[in-house]
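Engineer: Structure incoming, see below.
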Amino acid sequence: MPGRMLTVVLAAVAVAVPATAATAAAAPPAPVQVQLGEARCQDMSALVNSMPMLAPAFPDPARTPSVEYRITGSPNAPMTAYAVKINGETKGSGSVGAKGVVISSTSLPNNARSTVEVVSGDQVLATRTYTPAC
């Protein structure tokens with residue numbers, strides 16, 4: 001009898017696992033897809049020279065790390081608000097709808113570990129950690 005009970009329990013587990021996997025596979029796609037690029041070194045000197053009020057944002061304008069991000073709305077996505085955060089501080093925000101595309105970039109601190117997050121409300125859509133050295 002103990003051998004028979006083990007067989008029944010194992011069969012029940014085998015049936016439950018595929019049902020859970022099928023439920024996860026049938027979940028609707030996320031309303032937006034987010035891609036975070038590689039950190040790149042930029043020379044922002046010309047921009048800072050033409051708009052001196054930007055100087056505080058670029059402590060060493062000749063060596064400014066930045067990261068490009070792309071946010072793409074799925075074909076039936078509702079308007080989805082997002083925010084781009086660097087180490088928890090919001091650096092940009094906006095929204096994207098069905099089939100919409102946002103391509104932008106944000107600067108990162110040089111020679112420091114930084115975590116970039118793209119969030120929508122309380123949901124983290126993408127996160128990546130960088131340590132750029134420009």
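Letters for chains follow the order of the structure tokens (A, B, ...), residue numbers begin at 1 for each chain, and ligand numbers begin at 1 in the order shown.
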Can you pull out the residues contacting Val96 (chain A)? Cut-off 6 Å, using only C-alpha atoms, and skip same-chain residues under 3 positions away; I want them as a list in words.
Structural biologist: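 My list of contacting residues is Met79, Thr80 and Gly100 of chain A.
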Engineer: Could you please take those selected residues and save all heavy atoms as a compact mmCIF listing (two decimals), in the first residue's frame?
Structural biologist:
```txt
# COMPACT_ATOMS: atom_id res chain seq x y z
N MET A 79 -2.08 53.24 -23.05
CA MET A 79 -1.03 54.22 -22.71
C MET A 79 -0.40 53.76 -21.40
O MET A 79 -1.10 53.50 -20.42
CB MET A 79 -1.61 55.62 -22.55
CG MET A 79 -1.95 56.28 -23.87
SD MET A 79 -0.55 56.42 -25.00
CE MET A 79 0.34 57.75 -24.28
N THR A 80 0.90 53.64 -21.41
CA THR A 80 1.64 53.13 -20.25
C THR A 80 2.66 54.18 -19.83
O THR A 80 3.55 54.53 -20.60
CB THR A 80 2.35 51.81 -20.60
OG1 THR A 80 1.37 50.86 -21.07
CG2 THR A 80 3.08 51.24 -19.40
N GLY A 100 3.78 52.38 -30.16
CA GLY A 100 4.65 53.54 -29.98
C GLY A 100 6.06 53.13 -29.65
O GLY A 100 6.31 52.03 -29.16
```
Engineer: Per DSSP on the backbone, filter region 25-127 of chain A down to the residues in strand (DSSP E or B) and report them as a PyMOL selection string.
Structural biologist: chain A and resi 32-42+64-73+80-86+89-96+101-107+114-120+123-127
Engineer: Compile the contact shell of region 103-108 of chain A as a PyMOL selection string: residues with an atom at most 7 Å away, counting only C-alpha atoms, same-chain residues fewer than 6 positions apart removed.
Structural biologist: chain A and resi 64-71
Engineer: One number please: CA of Leu36 (chain A) to CA of Ser95 (chain A), in Å, one decimal.
Structural biologist: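 Going from CA of Leu36 (chain A) over to CA of Ser95 (chain A), I get 16.7 Å.
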Engineer: Do you know which residues are at most 8 Å from Leu125 (chain A) counting only C-alpha atoms, after dropping those on the same chain fewer than 6 positions away, and could you put them as a list in words?
Structural biologist: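 Listed by chain and then number, they are Gln33, Val34, Glu117, Val118 and Val119 of chain A.
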Engineer: Just to confirm, what's the straight-line distance from CA of Asn110 (chain A) to CA of Ala126 (chain A) in Å (one decimal)?
Structural biologist: 21.3 Å
Engineer: Could you list, as a PyMOL selection string, every residue within 12 Å of Pro78 (chain A), counting only C-alpha atoms and ignoring same-chain residues fewer than 6 positions away?
Structural biologist: chain A and resi 30-32+72+95-100
Engineer: Grab the CA of Val48 (chain A) to CA of Ala62 (chain A) distance for me, in Å with one decimal place.
Structural biologist: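 So the answer is 9.6 Å.
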Engineer: Of the candidates A:Gly94, A:Arg40, A:Val102, A:Met51, which shows the shortest atom-to-atom distance to Thr131 (chain A), using only C-alpha atoms?
Structural biologist: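 Looking at the shortest contact to Thr131 (chain A), the residue is A:Arg40.
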Engineer: Ranking A:Thr129, A:Asn76, A:Ser45, A:Ser114 by minimum distance to Pro61 (chain A) and counting only C-alpha atoms, which one comes first?
Structural biologist: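 Selected residue with least distance to Pro61 (chain A): A:Ser45.
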